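Visitor: Dropping in run.tsv, which is TSV, C-alpha atoms and all ligand atoms:
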chain	number	residue	atom	x	y	z
A	1	MET	CA	102.83	58.39	116.31
A	2	SER	CA	104.08	59.69	113.01
A	3	ASN	CA	101.73	59.50	110.06
A	4	PRO	CA	102.93	59.91	106.46
A	5	GLN	CA	100.50	62.79	105.96
A	6	ASP	CA	101.84	64.71	108.93
A	7	PRO	CA	103.94	67.72	108.13
A	8	LEU	CA	107.50	67.46	109.37
A	9	LEU	CA	106.97	70.33	111.78
A	10	SER	CA	103.60	71.76	112.74
A	11	VAL	CA	103.21	74.88	114.90
A	12	ARG	CA	99.91	76.41	116.02
A	13	ASN	CA	99.47	79.64	117.93
A	14	LEU	CA	102.99	79.93	119.21
A	15	GLY	CA	103.56	82.92	121.46
A	16	VAL	CA	106.64	84.14	123.30
A	17	VAL	CA	106.67	86.80	125.99
A	18	TYR	CA	109.85	88.26	127.46
A	19	ASN	CA	109.62	89.68	130.93
A	20	THR	CA	111.39	93.02	131.10
A	21	SER	CA	111.55	95.98	133.46
A	22	GLN	CA	109.50	97.91	130.85
A	23	GLY	CA	106.79	95.26	131.03
A	24	PRO	CA	106.08	92.12	128.99
A	25	VAL	CA	107.52	92.13	125.45
A	26	HIS	CA	105.28	90.12	123.11
A	27	ALA	CA	108.07	89.07	120.77
A	28	VAL	CA	106.03	86.36	119.00
A	29	SER	CA	102.20	86.11	118.82
A	30	ASN	CA	99.69	83.78	117.11
A	31	VAL	CA	102.32	82.10	114.95
A	32	SER	CA	101.08	79.05	113.01
A	33	PHE	CA	102.84	77.27	110.15
A	34	ASP	CA	103.83	73.85	108.85
A	35	VAL	CA	107.11	72.74	107.37
A	36	ARG	CA	106.78	69.85	104.94
A	37	GLU	CA	109.25	67.09	104.16
A	38	ASN	CA	112.11	68.14	101.89
A	39	GLU	CA	111.26	71.80	101.47
A	40	VAL	CA	112.85	75.14	102.20
A	41	PHE	CA	110.51	77.22	104.34
A	42	GLY	CA	111.62	80.84	104.36
A	43	ILE	CA	110.84	83.27	107.18
A	44	ALA	CA	111.47	86.91	106.33
A	45	GLY	CA	110.92	90.17	108.14
A	46	GLU	CA	112.75	93.24	109.41
A	47	SER	CA	115.22	93.01	112.23
A	48	GLY	CA	113.44	92.76	115.60
A	49	CYS	CA	110.24	91.15	114.24
A	50	GLY	CA	110.73	87.96	116.28
A	51	LYS	CA	112.39	85.55	113.83
A	52	SER	CA	115.16	84.36	116.14
A	53	THR	CA	112.82	84.25	119.13
A	54	LEU	CA	110.44	82.02	117.19
A	55	ILE	CA	113.06	79.38	116.45
A	56	LYS	CA	114.69	79.60	119.86
A	57	ALA	CA	111.28	78.85	121.34
A	58	LEU	CA	111.00	75.73	119.16
A	59	LEU	CA	114.45	74.56	120.22
A	60	ARG	CA	114.07	75.50	123.90
A	61	LEU	CA	116.95	77.93	123.64
A	62	LEU	CA	115.08	81.03	124.84
A	63	ALA	CA	116.73	83.47	127.23
A	64	GLU	CA	115.79	83.04	130.91
A	65	ASN	CA	113.21	85.83	130.80
A	66	GLY	CA	111.33	84.29	127.85
A	67	THR	CA	108.23	82.07	128.13
A	68	ALA	CA	106.73	80.17	125.19
A	69	THR	CA	103.18	78.86	124.83
A	70	ALA	CA	101.57	77.02	121.92
A	71	ASP	CA	98.39	75.11	121.10
A	72	ARG	CA	100.44	72.63	119.14
A	73	CYS	CA	104.03	72.09	118.27
A	74	THR	CA	104.80	68.70	116.73
A	75	TYR	CA	107.74	67.18	114.93
A	76	ARG	CA	106.79	64.14	112.80
A	77	GLY	CA	103.61	63.99	114.88
A	78	ARG	CA	105.46	64.07	118.21
A	79	ALA	CA	104.45	66.80	120.69
A	80	LEU	CA	107.65	68.71	121.41
A	81	MET	CA	106.34	70.82	124.30
A	82	ASP	CA	105.37	67.74	126.33
A	83	MET	CA	108.81	66.15	126.17
A	84	ASP	CA	110.97	66.42	129.23
A	85	GLU	CA	114.19	68.36	128.92
A	86	GLU	CA	116.48	65.34	128.83
A	87	ASP	CA	114.51	63.50	126.12
A	88	PHE	CA	114.31	66.69	124.09
A	89	ARG	CA	118.08	67.19	124.22
A	90	ARG	CA	118.85	63.56	123.54
A	91	GLU	CA	116.30	62.81	120.84
A	92	ILE	CA	115.40	66.07	119.11
A	93	LEU	CA	118.01	68.80	119.42
A	94	TRP	CA	120.78	68.29	116.81
A	95	GLN	CA	119.63	64.73	116.05
A	96	GLU	CA	116.33	65.72	114.44
A	97	ILE	CA	116.32	69.52	114.42
A	98	SER	CA	119.63	71.32	114.20
A	99	MET	CA	120.41	74.98	113.99
A	100	VAL	CA	122.94	77.30	112.45
A	101	PRO	CA	122.65	80.19	114.91
A	102	GLN	CA	122.63	83.84	113.90
A	103	SER	CA	126.20	84.48	114.97
A	104	ALA	CA	128.13	81.39	113.94
A	105	MET	CA	131.17	83.42	114.94
A	106	ALA	CA	130.40	82.91	118.61
A	107	SER	CA	129.44	79.27	118.21
A	108	PHE	CA	132.95	77.84	118.06
A	109	ASN	CA	135.19	77.68	121.07
A	110	PRO	CA	138.26	79.76	120.11
A	111	VAL	CA	140.78	77.52	121.90
A	112	HIS	CA	139.88	74.23	120.17
A	113	ARG	CA	140.48	73.16	116.60
A	114	VAL	CA	137.33	73.41	114.47
A	115	GLY	CA	137.60	69.73	113.49
A	116	ASP	CA	137.78	68.58	117.10
A	117	GLN	CA	134.60	70.49	117.84
A	118	VAL	CA	132.76	68.87	114.93
A	119	ILE	CA	134.07	65.43	115.93
A	120	GLU	CA	133.08	65.96	119.55
A	121	SER	CA	129.57	66.95	118.56
A	122	ILE	CA	129.25	63.77	116.47
A	123	GLN	CA	130.59	61.59	119.27
A	124	ALA	CA	128.34	63.22	121.85
A	125	HIS	CA	125.31	61.79	120.04
A	126	ARG	CA	126.64	58.67	118.35
A	127	ASP	CA	128.71	55.65	119.26
A	128	ASP	CA	131.18	56.42	116.48
A	129	SER	CA	134.89	55.82	117.09
A	130	ARG	CA	137.12	58.85	116.75
A	131	ALA	CA	138.28	57.60	113.34
A	132	GLN	CA	134.68	57.22	112.13
A	133	ALA	CA	133.72	60.65	113.44
A	134	MET	CA	136.80	62.14	111.78
A	135	GLU	CA	135.87	60.57	108.48
A	136	ARG	CA	132.33	61.92	108.82
A	137	ALA	CA	133.68	65.40	109.65
A	138	ALA	CA	135.90	65.34	106.54
A	139	GLU	CA	132.92	64.27	104.43
A	140	LEU	CA	130.82	67.12	105.84
A	141	PHE	CA	133.54	69.67	105.20
A	142	ASP	CA	133.59	68.48	101.63
A	143	VAL	CA	129.80	68.88	101.39
A	144	VAL	CA	129.99	72.53	102.48
A	145	GLY	CA	132.97	73.22	100.23
A	146	LEU	CA	135.76	73.38	102.80
A	147	GLU	CA	139.08	71.53	102.36
A	148	PRO	CA	139.06	68.63	104.86
A	149	GLY	CA	142.60	69.75	105.82
A	150	LEU	CA	140.99	72.80	107.43
A	151	LEU	CA	139.62	70.56	110.20
A	152	LYS	CA	142.99	71.11	111.88
A	153	SER	CA	142.56	74.90	111.97
A	154	TYR	CA	141.43	77.10	114.83
A	155	PRO	CA	138.28	79.25	114.48
A	156	HIS	CA	140.29	82.50	114.24
A	157	GLU	CA	142.07	81.15	111.16
A	158	PHE	CA	138.71	80.98	109.36
A	159	SER	CA	137.06	83.86	107.50
A	160	GLY	CA	133.44	84.67	108.35
A	161	GLY	CA	132.22	82.70	105.34
A	162	MET	CA	134.34	79.67	106.25
A	163	ARG	CA	133.07	79.72	109.81
A	164	GLN	CA	129.51	79.91	108.56
A	165	ARG	CA	130.13	76.87	106.34
A	166	ALA	CA	131.77	74.97	109.20
A	167	MET	CA	128.68	75.69	111.29
A	168	ILE	CA	126.48	74.34	108.51
A	169	ALA	CA	128.67	71.19	108.44
A	170	MET	CA	128.13	70.85	112.18
A	171	ALA	CA	124.37	71.23	111.76
A	172	LEU	CA	124.39	68.48	109.10
A	173	SER	CA	126.50	66.09	111.16
A	174	LEU	CA	123.71	63.94	112.62
A	175	ASP	CA	121.52	63.82	109.48
A	176	PRO	CA	118.69	65.83	111.04
A	177	GLY	CA	115.25	65.97	109.38
A	178	LEU	CA	115.15	69.73	109.78
A	179	ILE	CA	117.93	72.32	109.75
A	180	ILE	CA	117.14	75.83	110.90
A	181	MET	CA	119.44	78.51	109.52
A	182	ASP	CA	119.18	81.90	111.17
A	183	GLU	CA	120.52	84.60	108.82
A	184	PRO	CA	123.18	82.29	107.37
A	185	THR	CA	124.53	84.91	104.98
A	186	THR	CA	124.03	88.14	106.89
A	187	GLY	CA	127.17	90.22	107.21
A	188	LEU	CA	129.07	88.32	104.53
A	189	ASP	CA	130.13	89.89	101.26
A	190	VAL	CA	127.99	89.21	98.20
A	191	LEU	CA	130.30	86.65	96.59
A	192	VAL	CA	130.59	84.63	99.77
A	193	GLN	CA	126.81	84.88	100.26
A	194	GLU	CA	126.26	83.53	96.77
A	195	ARG	CA	128.65	80.62	97.40
A	196	ILE	CA	126.94	79.69	100.67
A	197	LEU	CA	123.48	79.88	99.13
A	198	ARG	CA	124.66	77.64	96.31
A	199	ARG	CA	125.90	75.14	98.90
A	200	ILE	CA	122.61	75.24	100.75
A	201	ARG	CA	120.79	74.48	97.50
A	202	GLU	CA	123.11	71.55	96.80
A	203	ILE	CA	122.74	70.19	100.30
A	204	ARG	CA	119.03	70.36	99.94
A	205	SER	CA	119.00	68.41	96.68
A	206	GLU	CA	121.51	65.81	97.91
A	207	LEU	CA	120.18	65.25	101.41
A	208	LYS	CA	116.61	64.74	102.47
A	209	SER	CA	116.52	67.43	105.13
A	210	SER	CA	114.04	70.28	105.19
A	211	ILE	CA	115.36	73.73	105.89
A	212	ILE	CA	113.89	76.73	107.68
A	213	LEU	CA	115.77	79.68	106.26
A	214	ILE	CA	115.52	82.90	108.21
A	215	THR	CA	116.61	86.23	106.81
A	216	HIS	CA	115.74	89.91	106.65
A	217	ASP	CA	116.76	89.83	102.97
A	218	ILE	CA	113.70	89.21	100.83
A	219	ALA	CA	115.83	88.66	97.72
A	220	VAL	CA	117.59	85.72	99.42
A	221	ILE	CA	114.28	84.27	100.59
A	222	ALA	CA	112.75	84.60	97.13
A	223	GLU	CA	115.67	82.83	95.53
A	224	MET	CA	115.84	79.94	97.99
A	225	SER	CA	112.40	79.08	99.37
A	226	ASP	CA	109.53	76.82	98.32
A	227	ARG	CA	107.16	78.53	100.73
A	228	ILE	CA	107.54	81.80	102.59
A	229	ALA	CA	106.21	83.40	105.76
A	230	ILE	CA	106.46	87.18	106.11
A	231	MET	CA	106.71	88.32	109.74
A	232	TYR	CA	105.97	91.71	111.20
A	233	GLY	CA	105.74	92.72	114.85
A	234	GLY	CA	105.97	89.13	116.08
A	235	GLU	CA	103.25	87.79	113.78
A	236	ILE	CA	103.08	86.12	110.40
A	237	MET	CA	101.34	88.65	108.14
A	238	GLU	CA	101.24	86.48	105.04
A	239	GLN	CA	102.36	83.02	104.00
A	240	ALA	CA	102.20	81.31	100.65
A	241	SER	CA	104.24	79.40	98.11
A	242	ALA	CA	107.13	81.54	96.88
A	243	ILE	CA	105.43	81.89	93.49
A	244	ASP	CA	102.08	82.99	94.98
A	245	LEU	CA	103.73	85.39	97.35
A	246	PHE	CA	105.58	87.18	94.59
A	247	GLU	CA	102.93	86.98	91.88
A	248	ASN	CA	99.90	87.53	94.05
A	249	PRO	CA	100.97	89.32	97.23
A	250	HIS	CA	98.11	90.47	99.46
A	251	HIS	CA	99.40	92.05	102.64
A	252	PRO	CA	100.40	95.73	102.45
A	253	TYR	CA	103.57	94.87	104.38
A	254	THR	CA	104.53	92.28	101.76
A	255	LEU	CA	103.92	94.92	99.09
A	256	GLY	CA	106.14	97.33	100.97
A	257	LEU	CA	108.91	94.77	101.44
A	258	LYS	CA	108.83	93.88	97.78
A	259	ASN	CA	109.21	97.52	96.89
A	260	ALA	CA	112.11	97.98	99.27
A	261	PHE	CA	114.27	95.33	97.62
A	262	PRO	CA	115.52	95.28	94.06
A	263	SER	CA	114.84	92.30	91.85
A	264	ILE	CA	115.80	91.45	88.30
A	265	THR	CA	112.47	92.69	87.01
A	266	THR	CA	112.58	96.00	88.84
A	267	LEU	CA	116.23	96.88	88.25
A	268	GLY	CA	116.47	100.53	87.40
A	269	THR	CA	113.26	101.49	89.16
A	270	GLU	CA	113.52	103.58	92.26
A	271	LEU	CA	113.47	101.70	95.57
A	272	ILE	CA	110.63	102.65	97.86
A	273	SER	CA	111.12	101.93	101.52
A	274	ILE	CA	108.44	101.82	104.18
A	275	PRO	CA	108.55	104.95	106.34
A	276	GLY	CA	108.36	104.58	110.12
A	277	SER	CA	109.79	101.96	112.42
A	278	PRO	CA	108.64	98.57	113.70
A	279	PRO	CA	106.56	98.33	116.90
A	280	THR	CA	108.25	97.95	120.28
A	281	LEU	CA	106.12	94.89	121.13
A	282	VAL	CA	105.70	96.05	124.72
A	283	GLY	CA	102.22	95.13	125.92
A	284	PRO	CA	99.66	93.02	124.03
A	285	VAL	CA	98.65	93.96	120.48
A	286	GLN	CA	95.04	95.27	120.19
A	287	SER	CA	95.24	96.29	116.54
A	288	CYS	CA	96.94	95.21	113.36
A	289	PRO	CA	100.63	95.63	114.23
A	290	PHE	CA	101.32	97.10	110.77
A	291	ALA	CA	98.47	99.65	110.91
A	292	PRO	CA	100.64	102.58	112.09
A	293	ARG	CA	102.86	102.22	108.98
A	294	CYS	CA	100.23	101.00	106.55
A	295	PRO	CA	99.20	103.40	103.75
A	296	PHE	CA	95.80	101.68	103.52
A	297	ASP	CA	94.82	101.64	107.21
A	298	ASP	CA	91.39	102.68	108.47
A	299	ALA	CA	89.51	102.55	111.78
A	300	ILE	CA	88.96	98.78	111.55
A	301	CYS	CA	92.73	98.17	111.42
A	302	HIS	CA	93.23	100.16	114.62
A	303	SER	CA	90.38	98.58	116.54
A	304	ALA	CA	91.23	94.86	116.30
A	305	ASN	CA	94.03	92.55	115.27
A	306	PRO	CA	92.73	90.77	112.15
A	307	GLU	CA	92.37	86.98	112.08
A	308	ALA	CA	94.45	84.96	109.64
A	309	LYS	CA	92.39	84.11	106.52
A	310	GLU	CA	93.15	81.45	103.91
A	311	ILE	CA	92.42	83.34	100.71
A	312	ALA	CA	93.53	80.48	98.42
A	313	GLU	CA	94.90	77.03	99.15
A	314	GLY	CA	97.96	77.46	101.35
A	315	HIS	CA	97.89	81.25	100.99
A	316	ILE	CA	97.19	82.83	104.37
A	317	VAL	CA	96.84	86.56	104.97
A	318	ARG	CA	96.32	88.53	108.15
A	319	CYS	CA	94.75	91.76	106.88
A	320	ALA	CA	91.23	93.09	107.40
A	321	HIS	CA	91.24	94.37	103.82
A	322	SER	CA	92.67	91.42	101.94
A	323	ALA	CA	89.75	91.68	99.46
A	324	ASP	CA	91.25	95.00	98.28
A	325	ALA	CA	94.65	93.49	97.50
A	326	ALA	CA	94.48	94.10	93.74
A	327	ARG	CA	93.91	97.82	94.30
A	328	PHE	CA	96.64	97.96	96.98
A	329	ARG	CA	99.08	96.29	94.59
A	330	GLU	CA	98.64	99.04	92.02
A	331	LEU	CA	98.82	101.85	94.58
A	332	ALA	CA	101.86	100.31	96.30
A	333	LYS	CA	103.94	100.89	93.16
A	334	GLU	CA	103.60	104.66	93.57
A	335	LYS	CA	106.09	106.38	95.81
A	336	SER	CA	103.42	108.89	96.89
A	337	THR	CA	101.37	106.07	98.44
A	338	TRP	CA	104.09	105.42	100.99
A	339	LEU	CA	104.82	109.07	101.74
A	340	SER	CA	101.35	110.19	102.80
B	401	LIG	N1	115.94	88.29	126.21
B	401	LIG	C1	115.16	89.28	125.74
B	401	LIG	N2	114.51	90.10	126.61
B	401	LIG	C2	113.68	91.08	126.17
B	401	LIG	N3	113.44	91.31	124.88
B	401	LIG	C3	114.05	90.54	123.97
B	401	LIG	C4	114.94	89.49	124.35
B	401	LIG	N4	115.40	88.90	123.21
B	401	LIG	C5	114.83	89.54	122.18
B	401	LIG	N5	114.01	90.53	122.62
B	401	LIG	C6	113.15	91.42	121.80
B	401	LIG	O1	112.24	90.61	121.09
B	401	LIG	C7	112.00	91.14	119.80
B	401	LIG	C8	112.30	90.10	118.75
B	401	LIG	O2	113.71	89.86	118.71
B	401	LIG	P1	114.37	88.79	117.76
B	401	LIG	O3	113.64	87.51	117.90
B	401	LIG	O4	115.83	88.77	118.03
B	401	LIG	O5	114.08	89.41	116.32
B	401	LIG	P2	114.77	89.11	114.90
B	401	LIG	O6	115.50	87.81	115.01
B	401	LIG	O7	113.63	89.08	113.94
B	401	LIG	O8	115.68	90.26	114.62
B	401	LIG	C9	112.84	92.40	119.70
B	401	LIG	O9	112.02	93.49	120.04
B	401	LIG	C10	113.92	92.19	120.72
B	401	LIG	O10	114.39	93.40	121.22
B	402	MG	MG	117.45	87.36	114.59
How does the structure come out when it is put into structure tokens?
Guide:
Amino acid sequence: MSNPQDPLLSVRNLGVVYNTSQGPVHAVSNVSFDVRENEVFGIAGESGCGKSTLIKALLRLLAENGTATADRCTYRGRALMDMDEEDFRREILWQEISMVPQSAMASFNPVHRVGDQVIESIQAHRDDSRAQAMERAAELFDVVGLEPGLLKSYPHEFSGGMRQRAMIAMALSLDPGLIIMDEPTTGLDVLVQERILRRIREIRSELKSSIILITHDIAVIAEMSDRIAIMYGGEIMEQASAIDLFENPHHPYTLGLKNAFPSITTLGTELISIPGSPPTLVGPVQSCPFAPRCPFDDAICHSANPEAKEIAEGHIVRCAHSADAARFRELAKEKSTWLS
């Protein structure tokens, strides 16, 4: 049963393995986090680090060759993994946890009017009449900043930004407790991105939903999130409140990511990117996944995958040398640190 102290969503030791002809791909490993009521929880990391896999596992939308395991995965105290498929689809998916998928483009059927698709999705879960569902759809379009008249349009008549907003309207349609947005602004031009982010902020203050916001853009995450998880190689390397993460970063990968993106305070300074490429994730990880690219690695990093440590309340770091963070922070500012 749900308890007021329960987090909205609680995940412990989530893992996902894809079976491939090259062997098992460990796309997500040891992932633990909570999402609280009415917060934006940001998940950031380079492309291929397992962000989409993580949320697909939660929503049971994994590809056929993927298998998820977890010690715990609860929504308002309810164990999601134990629910049978039909209950999950009827009671959780869209009703309680909805998703704006990574390519909203592909999410609308090209031969039906956008409005009809929103209305149908409402009616599939609720006893609303068509007129009620239509009214709700118009309201939702208004919330995301689309003219309700556009409900009559076909998907191809929408720009990328409009389609993204229509998808957000769809995700809001059943008043879910949690909305997961997978790269909601990726591929859109900066002005459209800004407009969508503004809408997401408004939605969040008007509605009571929590949001998991996924992106590879650390500037977007910084601007939008209350708390942030930084992923690398299928694992969460560091998580903390947005303020802690930016003022007191500990993991070398976080330091590298921060360097790679401009911010208001670093405008004009040279961008430093992290040399090397992310791990392939084939086979189990026996060392810190970031060790091969880490400027501060030593034998310990290559001999075992470090445990997650809570270094301050709510600030969790997975690095064998988290005690040296202050020194790393200074060194990480130098370009030469990343080149050697
Ligand atoms: N169906 C699949 N079969 C095998 N590997 C997959 C499959 N889907 C994703 N992957 C791999 O899993 C890893 C994580 O992918 P993904 O979750 O899409 O990352 P992200 O969303 O962070 O870009 C990548 O290495 C990707 O190639
Ligand atoms: Mg993705």
Visitor: Find the residues near ligand LIG 401 (chain B). Use a cut-off of 8 Å, count only C-alpha atoms and all ligand atoms, and write them as a ChimeraX atom specification.
Guide: /A:18-20,25-28,45-54,62-66,182,216,234,279-281
Visitor: Using CA of Asp116 (chain A) and CA of Leu150 (chain A) as the two end points, give the distance in Å to one decimal.
Guide: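 That distance, rounded to one decimal, is 11.0 Å.
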Visitor: Around all listed atoms of region 175-181 of chain A, padded 5 Å per side, what centre and edge lengths does the axis-aligned box have in Å to one decimal, as lines of an AutoDock Vina configuration file?
Guide:
center_x = 118.3
center_y = 71.2
center_z = 110.2
size_x = 16.4
size_y = 24.7
size_z = 11.7
Visitor: Might you pull out every residue within 9 Å of Arg163 (chain A), with all atoms listed in the file counted and same-chain residues fewer than 3 positions away left off, and present them as a PyMOL selection string?
Guide: chain A and resi 104-105+108+114+155-156+158-160+166-168
Visitor: Using all atoms listed in the file, can you tell me which of A:Ile214, A:Ala304, A:Ala131, A:Val317 comes closest to ligand MG 402 (chain B)?
Guide: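 Between A:Ile214, A:Ala304, A:Ala131, A:Val317, the residue approaching ligand MG 402 (chain B) most closely is A:Ile214.
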Visitor: Fewer than 6 positions away in the same chain doesn't count, so skip those; otherwise give me all residues within 10 Å of Gly145 (chain A), counting all atoms listed in the file, as a VMD selection string.
Guide: chain A and resid 139 162 165 to 166 169 195 to 196 199
Visitor: Reconstruct N, CA and C atoms of region 315-331 of chain A from the incomplete input and present them as a PDB file, keeping the file's coordinate frame.
Guide:
ATOM      1  N   HIS A 315      97.523  79.828 101.002  1.00  0.00           N
ATOM      2  CA  HIS A 315      97.890  81.250 100.990  1.00  0.00           C
ATOM      3  C   HIS A 315      97.116  81.953 102.116  1.00  0.00           C
ATOM      4  N   ILE A 316      97.829  82.310 103.166  1.00  0.00           N
ATOM      5  CA  ILE A 316      97.190  82.830 104.370  1.00  0.00           C
ATOM      6  C   ILE A 316      97.593  84.288 104.591  1.00  0.00           C
ATOM      7  N   VAL A 317      96.597  85.120 104.834  1.00  0.00           N
ATOM      8  CA  VAL A 317      96.840  86.560 104.970  1.00  0.00           C
ATOM      9  C   VAL A 317      96.174  87.065 106.236  1.00  0.00           C
ATOM     10  N   ARG A 318      96.874  87.936 106.954  1.00  0.00           N
ATOM     11  CA  ARG A 318      96.320  88.530 108.150  1.00  0.00           C
ATOM     12  C   ARG A 318      96.130  90.029 107.891  1.00  0.00           C
ATOM     13  N   CYS A 319      95.042  90.358 107.202  1.00  0.00           N
ATOM     14  CA  CYS A 319      94.750  91.760 106.880  1.00  0.00           C
ATOM     15  C   CYS A 319      93.248  91.886 106.761  1.00  0.00           C
ATOM     16  N   ALA A 320      92.682  92.904 107.419  1.00  0.00           N
ATOM     17  CA  ALA A 320      91.230  93.090 107.400  1.00  0.00           C
ATOM     18  C   ALA A 320      90.734  93.424 105.995  1.00  0.00           C
ATOM     19  N   HIS A 321      91.648  93.918 105.147  1.00  0.00           N
ATOM     20  CA  HIS A 321      91.240  94.370 103.820  1.00  0.00           C
ATOM     21  C   HIS A 321      91.846  93.538 102.700  1.00  0.00           C
ATOM     22  N   SER A 322      92.008  92.250 102.957  1.00  0.00           N
ATOM     23  CA  SER A 322      92.670  91.420 101.940  1.00  0.00           C
ATOM     24  C   SER A 322      91.860  91.382 100.627  1.00  0.00           C
ATOM     25  N   ALA A 323      90.559  91.660 100.692  1.00  0.00           N
ATOM     26  CA  ALA A 323      89.750  91.680  99.460  1.00  0.00           C
ATOM     27  C   ALA A 323      90.158  92.825  98.536  1.00  0.00           C
ATOM     28  N   ASP A 324      90.833  93.840  99.093  1.00  0.00           N
ATOM     29  CA  ASP A 324      91.250  95.000  98.280  1.00  0.00           C
ATOM     30  C   ASP A 324      92.667  94.867  97.742  1.00  0.00           C
ATOM     31  N   ALA A 325      93.223  93.659  97.824  1.00  0.00           N
ATOM     32  CA  ALA A 325      94.650  93.490  97.500  1.00  0.00           C
ATOM     33  C   ALA A 325      95.014  93.975  96.101  1.00  0.00           C
ATOM     34  N   ALA A 326      94.140  93.722  95.118  1.00  0.00           N
ATOM     35  CA  ALA A 326      94.480  94.100  93.740  1.00  0.00           C
ATOM     36  C   ALA A 326      94.676  95.624  93.644  1.00  0.00           C
ATOM     37  N   ARG A 327      93.800  96.349  94.307  1.00  0.00           N
ATOM     38  CA  ARG A 327      93.910  97.820  94.300  1.00  0.00           C
ATOM     39  C   ARG A 327      95.179  98.259  95.051  1.00  0.00           C
ATOM     40  N   PHE A 328      95.440  97.622  96.207  1.00  0.00           N
ATOM     41  CA  PHE A 328      96.640  97.960  96.980  1.00  0.00           C
ATOM     42  C   PHE A 328      97.913  97.729  96.149  1.00  0.00           C
ATOM     43  N   ARG A 329      97.887  96.633  95.392  1.00  0.00           N
ATOM     44  CA  ARG A 329      99.080  96.290  94.590  1.00  0.00           C
ATOM     45  C   ARG A 329      99.417  97.403  93.608  1.00  0.00           C
ATOM     46  N   GLU A 330      98.402  97.951  92.965  1.00  0.00           N
ATOM     47  CA  GLU A 330      98.640  99.040  92.020  1.00  0.00           C
ATOM     48  C   GLU A 330      99.144 100.278  92.749  1.00  0.00           C
ATOM     49  N   LEU A 331      98.442 100.644  93.832  1.00  0.00           N
ATOM     50  CA  LEU A 331      98.820 101.850  94.580  1.00  0.00           C
ATOM     51  C   LEU A 331     100.216 101.736  95.182  1.00  0.00           C
TER      52      LEU A 331
END
